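Chemist: Following this line is run.pdb, made up of PDB, C-alpha atoms:
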ATOM      1  CA  MET A1145     -11.120 111.428  23.455
ATOM      2  CA  THR A1146     -13.214 108.361  22.979
ATOM      3  CA  GLU A1147     -13.248 105.845  25.757
ATOM      4  CA  GLU A1148     -13.140 102.148  24.910
ATOM      5  CA  THR A1149     -15.861 100.034  26.330
ATOM      6  CA  PRO A1150     -14.269  97.513  28.604
ATOM      7  CA  GLY A1151     -15.042  93.812  28.157
ATOM      8  CA  PHE A1152     -15.389  93.778  24.394
ATOM      9  CA  ASP A1153     -12.593  92.560  22.183
ATOM     10  CA  GLU A1154     -12.182  93.713  18.722
ATOM     11  CA  LYS A1155     -12.973  91.164  15.999
ATOM     12  CA  PRO A1156     -11.311  91.056  12.670
ATOM     13  CA  ASP A1157     -13.210  92.208   9.749
ATOM     14  CA  VAL A1158     -15.219  89.526   8.001
ATOM     15  CA  PRO A1159     -15.977  89.919   4.341
ATOM     16  CA  SER A1160     -19.621  90.267   3.475
ATOM     17  CA  GLY A1161     -21.385  87.036   2.622
ATOM     18  CA  ALA A1162     -18.943  84.916   4.614
ATOM     19  CA  THR A1163     -19.725  83.015   7.773
ATOM     20  CA  PRO A1164     -17.646  83.309  10.856
ATOM     21  CA  ASP A1165     -16.511  79.723  10.415
ATOM     22  CA  ASP A1166     -14.885  80.651   7.137
ATOM     23  CA  ALA A1167     -12.547  82.819   8.951
ATOM     24  CA  GLU A1168     -11.060  79.858  10.854
ATOM     25  CA  PRO A1169      -8.097  78.201   9.154
ATOM     26  CA  GLN A1170      -9.030  74.828   7.647
ATOM     27  CA  ALA A1171      -7.158  71.767   8.859
ATOM     28  CA  ALA A1172      -5.026  70.093   6.208
ATOM     29  CA  THR A1173      -6.501  66.789   4.867
ATOM     30  CA  PRO A1174      -4.180  63.971   3.703
ATOM     31  CA  SER A1175      -3.953  63.375  -0.037
ATOM     32  CA  THR A1176      -5.079  60.132  -1.783
ATOM     33  CA  GLU A1177      -1.463  58.981  -2.434
ATOM     34  CA  GLU A1178      -0.529  59.513   1.212
ATOM     35  CA  ALA A1179      -3.533  57.423   2.352
ATOM     36  CA  ALA A1180      -2.892  54.618  -0.136
ATOM     37  CA  ALA A1181       0.789  54.185   0.769
ATOM     38  CA  PRO A1182       0.273  52.681   4.258
ATOM     39  CA  ALA A1183      -2.467  50.399   2.911
ATOM     40  CA  GLY A1184      -0.142  49.081   0.153
ATOM     41  CA  ASP A1185       2.647  48.376   2.631
ATOM     42  CA  ALA A1186       0.266  46.413   4.863
ATOM     43  CA  SER A1187      -0.988  44.342   1.906
ATOM     44  CA  ALA A1188       2.576  43.490   0.804
ATOM     45  CA  ALA A1189       3.526  42.465   4.328
ATOM     46  CA  GLN A1190       0.435  40.270   4.539
ATOM     47  CA  MET A1191       1.271  38.597   1.201
ATOM     48  CA  ALA A1192       4.849  37.957   2.354
ATOM     49  CA  GLY A1193       3.544  36.345   5.518
ATOM     50  CA  LEU A1194       1.149  34.136   3.583
ATOM     51  CA  THR A1195       3.956  33.094   1.190
ATOM     52  CA  ALA A1196       6.186  32.156   4.108
ATOM     53  CA  GLN A1197       3.372  30.103   5.669
ATOM     54  CA  LEU A1198       2.747  28.369   2.321
ATOM     55  CA  ASP A1199       6.430  27.456   2.048
ATOM     56  CA  GLN A1200       6.342  26.012   5.548
ATOM     57  CA  VAL A1201       3.248  23.953   4.713
ATOM     58  CA  ARG A1202       4.862  22.658   1.517
ATOM     59  CA  THR A1203       8.022  21.689   3.406
ATOM     60  CA  ALA A1204       6.015  19.890   6.083
ATOM     61  CA  LEU A1205       3.965  18.119   3.397
ATOM     62  CA  GLY A1206       7.136  16.926   1.639
ATOM     63  CA  GLU A1207       8.548  15.598   4.905
ATOM     64  CA  ARG A1208       5.314  13.778   5.759
ATOM     65  CA  THR A1209       5.172  12.320   2.235
ATOM     66  CA  MET A1210       8.731  10.994   2.561
ATOM     67  CA  ASP A1211       7.900   9.535   5.974
ATOM     68  CA  LEU A1212       4.841   7.817   4.512
ATOM     69  CA  GLN A1213       6.816   6.396   1.586
ATOM     70  CA  ARG A1214       9.541   5.120   3.911
ATOM     71  CA  LEU A1215       6.956   3.556   6.207
ATOM     72  CA  GLN A1216       5.230   1.899   3.249
ATOM     73  CA  ALA A1217       8.552   0.494   1.980
ATOM     74  CA  GLU A1218       9.369  -0.870   5.442
ATOM     75  CA  TYR A1219       5.932  -2.479   5.627
ATOM     76  CA  GLN A1220       6.349  -4.111   2.216
ATOM     77  CA  ASN A1221       9.761  -5.465   3.253
ATOM     78  CA  TYR A1222       8.244  -6.756   6.477
ATOM     79  CA  ARG A1223       5.453  -8.527   4.580
ATOM     80  CA  ARG A1224       7.931 -10.146   2.183
ATOM     81  CA  ARG A1225      10.147 -11.231   5.059
ATOM     82  CA  VAL A1226       7.206 -12.711   6.972
ATOM     83  CA  GLU A1227       5.994 -14.529   3.852
ATOM     84  CA  ARG A1228       9.485 -15.876   3.166
ATOM     85  CA  ASP A1229       9.846 -17.058   6.756
ATOM     86  CA  ARG A1230       6.391 -18.648   6.640
ATOM     87  CA  ILE A1231       7.288 -20.588   3.480
ATOM     88  CA  ALA A1232      10.626 -21.648   4.961
ATOM     89  CA  VAL A1233       8.995 -22.884   8.169
ATOM     90  CA  LYS A1234       6.396 -24.783   6.141
ATOM     91  CA  GLU A1235       9.076 -26.433   3.983
ATOM     92  CA  ILE A1236      11.084 -27.421   7.058
ATOM     93  CA  ALA A1237       8.006 -28.918   8.717
ATOM     94  CA  ILE A1238       7.121 -30.902   5.574
ATOM     95  CA  ALA A1239      10.729 -32.066   5.171
ATOM     96  CA  ASN A1240      10.861 -33.251   8.786
ATOM     97  CA  LEU A1241       7.581 -35.135   8.407
ATOM     98  CA  LEU A1242       8.586 -36.824   5.148
ATOM     99  CA  THR A1243      12.016 -37.696   6.546
ATOM    100  CA  GLU A1244      10.293 -39.652   9.283
ATOM    101  CA  LEU A1245       8.208 -41.453   6.640
ATOM    102  CA  LEU A1246      11.170 -42.530   4.496
ATOM    103  CA  PRO A1247      11.661 -45.866   6.345
ATOM    104  CA  VAL A1248       7.995 -46.642   5.741
ATOM    105  CA  LEU A1249       8.393 -45.883   2.043
ATOM    106  CA  ASP A1250      11.497 -48.110   1.946
ATOM    107  CA  ASN A1251       9.504 -50.981   3.477
ATOM    108  CA  ILE A1252       6.764 -50.465   0.902
ATOM    109  CA  ALA A1253       9.342 -50.593  -1.912
ATOM    110  CA  ARG A1254      10.856 -53.831  -0.545
ATOM    111  CA  ALA A1255       7.406 -55.386  -0.206
ATOM    112  CA  ARG A1256       6.668 -54.447  -3.808
ATOM    113  CA  ASP A1257       9.943 -55.985  -5.010
ATOM    114  CA  HIS A1258       9.112 -59.272  -3.220
ATOM    115  CA  GLY A1259       5.529 -59.352  -4.500
ATOM    116  CA  GLU A1260       4.064 -58.862  -1.028
ATOM    117  CA  LEU A1261       2.216 -55.629  -1.810
ATOM    118  CA  VAL A1262      -1.292 -57.056  -2.203
ATOM    119  CA  GLY A1263      -4.818 -56.521  -0.915
ATOM    120  CA  GLY A1264      -5.601 -53.754   1.508
ATOM    121  CA  PHE A1265      -1.938 -53.188   2.279
ATOM    122  CA  LYS A1266      -1.365 -52.297  -1.372
ATOM    123  CA  SER A1267      -4.170 -49.720  -1.325
ATOM    124  CA  VAL A1268      -2.854 -48.099   1.850
ATOM    125  CA  ALA A1269       0.715 -48.064   0.524
ATOM    126  CA  GLU A1270      -0.278 -46.446  -2.760
ATOM    127  CA  SER A1271      -2.365 -43.828  -0.935
ATOM    128  CA  LEU A1272       0.599 -42.975   1.278
ATOM    129  CA  GLU A1273       2.906 -42.638  -1.733
ATOM    130  CA  THR A1274       0.341 -40.405  -3.471
ATOM    131  CA  VAL A1275       0.067 -38.094  -0.458
ATOM    132  CA  ALA A1276       3.851 -37.884  -0.149
ATOM    133  CA  ALA A1277       4.117 -36.968  -3.834
ATOM    134  CA  LYS A1278       1.469 -34.242  -3.427
ATOM    135  CA  MET A1279       3.529 -32.788  -0.593
ATOM    136  CA  GLY A1280       6.453 -32.422  -3.017
ATOM    137  CA  LEU A1281       8.457 -35.582  -2.329
ATOM    138  CA  GLN A1282      10.422 -36.713  -5.392
ATOM    139  CA  GLN A1283      12.405 -39.916  -5.758
ATOM    140  CA  PHE A1284      15.670 -40.007  -7.696
ATOM    141  CA  GLY A1285      18.523 -42.403  -8.449
ATOM    142  CA  LYS A1286      18.839 -44.702 -11.460
ATOM    143  CA  GLU A1287      21.288 -47.376 -12.491
ATOM    144  CA  GLY A1288      23.770 -46.305 -15.124
ATOM    145  CA  GLU A1289      23.850 -42.590 -14.259
ATOM    146  CA  PRO A1290      27.196 -40.927 -13.429
ATOM    147  CA  PHE A1291      28.084 -40.817  -9.763
ATOM    148  CA  ASP A1292      27.530 -37.378  -8.195
ATOM    149  CA  PRO A1293      28.759 -37.017  -4.604
ATOM    150  CA  MET A1294      26.278 -34.180  -4.066
ATOM    151  CA  ILE A1295      23.263 -36.472  -4.463
ATOM    152  CA  HIS A1296      24.731 -39.996  -4.210
ATOM    153  CA  GLU A1297      26.203 -41.896  -1.280
ATOM    154  CA  ALA A1298      28.472 -44.761  -2.342
ATOM    155  CA  LEU A1299      28.101 -47.809  -0.103
ATOM    156  CA  MET A1300      29.827 -50.316  -2.425
ATOM    157  CA  HIS A1301      32.731 -49.934  -4.810
ATOM    158  CA  SER A1302      34.039 -52.076  -7.653
ATOM    159  CA  TYR A1303      35.773 -51.941 -11.049
ATOM    160  CA  ALA A1304      34.161 -52.689 -14.372
ATOM    161  CA  PRO A1305      35.629 -52.877 -17.875
ATOM    162  CA  ASP A1306      32.549 -51.451 -19.555
ATOM    163  CA  VAL A1307      32.442 -48.053 -17.827
ATOM    164  CA  THR A1308      34.433 -44.973 -18.710
ATOM    165  CA  GLU A1309      33.720 -43.018 -15.531
ATOM    166  CA  THR A1310      32.534 -43.639 -11.998
ATOM    167  CA  THR A1311      29.010 -44.948 -12.515
ATOM    168  CA  CYS A1312      26.089 -46.013 -10.317
ATOM    169  CA  VAL A1313      25.634 -49.689 -11.124
ATOM    170  CA  ALA A1314      23.048 -50.490  -8.418
ATOM    171  CA  ILE A1315      20.572 -48.424  -6.365
ATOM    172  CA  LEU A1316      20.527 -49.786  -2.833
ATOM    173  CA  GLN A1317      18.139 -47.114  -1.541
ATOM    174  CA  PRO A1318      16.551 -44.377  -3.664
ATOM    175  CA  GLY A1319      17.201 -40.743  -2.852
ATOM    176  CA  TYR A1320      14.478 -38.214  -2.064
ATOM    177  CA  ARG A1321      14.247 -34.472  -2.517
ATOM    178  CA  ILE A1322      11.711 -31.694  -2.013
ATOM    179  CA  GLY A1323      12.137 -29.133  -4.747
ATOM    180  CA  GLU A1324      15.871 -28.381  -4.845
ATOM    181  CA  ARG A1325      16.454 -29.621  -1.306
ATOM    182  CA  THR A1326      17.829 -33.153  -0.911
ATOM    183  CA  ILE A1327      16.501 -34.795   2.237
ATOM    184  CA  ARG A1328      18.298 -38.099   1.620
ATOM    185  CA  PRO A1329      20.969 -38.958  -0.944
ATOM    186  CA  ALA A1330      20.600 -42.047  -3.091
ATOM    187  CA  ARG A1331      22.621 -44.907  -1.617
ATOM    188  CA  VAL A1332      24.323 -46.694  -4.475
ATOM    189  CA  ALA A1333      26.976 -49.173  -5.541
ATOM    190  CA  VAL A1334      29.499 -47.616  -7.901
ATOM    191  CA  ALA A1335      31.952 -49.013 -10.413
ATOM    192  CA  GLU A1336      35.066 -47.366 -11.776
ATOM    193  CA  PRO A1337      37.048 -48.170 -14.928
ATOM    194  CA  GLN A1338      39.612 -50.900 -14.362
ATOM    195  CA  PRO A1339      43.127 -49.596 -13.749
ATOM    196  CA  GLY A1340      45.188 -49.872 -16.949
ATOM    197  CA  ALA A1341      42.131 -50.241 -19.142
ATOM    198  CA  GLN A1342      42.547 -46.769 -20.561
ATOM    199  CA  THR A1343      46.290 -47.327 -20.974
ATOM    200  CA  GLY A1344      45.734 -50.596 -22.835
ATOM    201  CA  LYS A1345      43.171 -48.958 -25.025
ATOM    202  CA  ALA A1346      45.557 -46.133 -25.834
ATOM    203  CA  ASP A1347      48.359 -48.614 -26.612
ATOM    204  CA  SER A1348      46.077 -50.567 -28.941
ATOM    205  CA  GLN A1349      45.147 -47.357 -30.708
ATOM    206  CA  ASP A1350      48.821 -46.380 -31.102
ATOM    207  CA  SER A1351      49.653 -49.841 -32.487
ATOM    208  CA  ALA A1352      46.825 -49.574 -35.005
ATOM    209  CA  GLU A1353      48.047 -46.166 -36.148
ATOM    210  CA  ALA A1354      51.617 -47.483 -36.482
ATOM    211  CA  ALA A1355      50.398 -50.393 -38.585
ATOM    212  CA  ASP A1356      48.507 -48.032 -40.857
ATOM    213  CA  ASP A1357      51.620 -45.909 -41.318
ATOM    214  CA  LYS A1358      53.711 -48.995 -42.180
ATOM    215  CA  GLU A1359      51.208 -50.168 -44.789
ATOM    216  CA  SER A1360      51.156 -46.729 -46.376
ATOM    217  CA  GLY A1361      54.931 -46.578 -46.626
ATOM    218  CA  GLY A1362      55.644 -44.640 -43.482
ATOM    219  CA  PRO A1363      55.244 -40.971 -42.813
ATOM    220  CA  ASP A1364      55.948 -38.531 -45.615
ATOM    221  CA  GLU A1365      59.490 -37.192 -45.649
ATOM    222  CA  GLY A1366      60.069 -33.506 -45.998
TER     223      GLY A1366
END
How does this structure look as structure tokens?
Modeler:
Amino acid sequence: MTEETPGFDEKPDVPSGATPDDAEPQAATPSTEEAAAPAGDASAAQMAGLTAQLDQVRTALGERTMDLQRLQAEYQNYRRRVERDRIAVKEIAIANLLTELLPVLDNIARARDHGELVGGFKSVAESLETVAAKMGLQQFGKEGEPFDPMIHEALMHSYAPDVTETTCVAILQPGYRIGERTIRPARVAVAEPQPGAQTGKADSQDSAEAADDKESGGPDEG
């Protein structure tokens, strides 16, 4: 009976030409498809995140663009309003100044009518009238024009046979305007057609037509 030597374990048989390491079972290595799958999922998730960020940036850009356009429109409206107010204030200031000068211009006109506008006074008066005209002052009101209560102020009233409507027959004080704004109406004397004048004229016309009918044998009978 053979005795086994203690302390030595039996080893499995190893084929000739093979190393002891070959006898160990090889660990399984992942395939190429299995390695590429997690990488593809990560890339898709990254692209989705970038797309979401791009959408957010585009939305923010659109909002900022609308804010800028609204701010620009408000600024343009503000500029137009300030310019309009500036022009209005300027026109009011000029109108107030020229209104205060109207009595002076009336005195100059009266002096001219009486032949007293001579010498240095004439030069000063003409210079003042020129400056007032450059500032936009316009004189209006003429004899013979129809009476307009919007621009005329009637101080005298009479009847005249040679007018067919209420007419300005005398300009007592000329009117003045700046552009479309009247700063003083023309003060005038007006004349209206005489009462009954139109009736008499109509009666005369009817009599003339009746006489013509009588001479022609009267109206035609049916």
Chemist: Which of these residues is nearest to Leu1242 of chain A, using all atoms listed in the file: A:Met1279, A:Met1210, A:Val1226, A:Ala1304?
Modeler: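 Distance minimum relative to Leu1242 of chain A lands on A:Met1279.
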Chemist: Could you jot down the atom CA of Thr1308 of chain A to atom CA of Glu1336 of chain A separation for me, Å, one decimal place?
Modeler: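 Interatomic distance, atom CA of Thr1308 of chain A to atom CA of Glu1336 of chain A: 7.4 Å.
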Chemist: Check which residues satisfy the PyMOL selection byres ((chain A and resi 1243) around 12) in the file shown, then give them as a count of residues only.
Modeler: 25
Chemist: Between atom CA of Leu1272 of chain A and atom CA of Asp1257 of chain A, what is the spacing in Å?
Modeler: 17.2 Å
Chemist: Just the number, please: distance in Å from atom CA of Met1294 of chain A to atom CA of Gly1280 of chain A, one decimal.
Modeler: 19.9 Å
Chemist: Neighbouring residues of Ala1298 of chain A were defined as those with any atom within 9 Å, considering all atoms listed in the file; residues of the same chain fewer than 5 positions away were excluded. Please report them as a ChimeraX atom specification.
Modeler: /A:1291,1293,1312,1330-1334
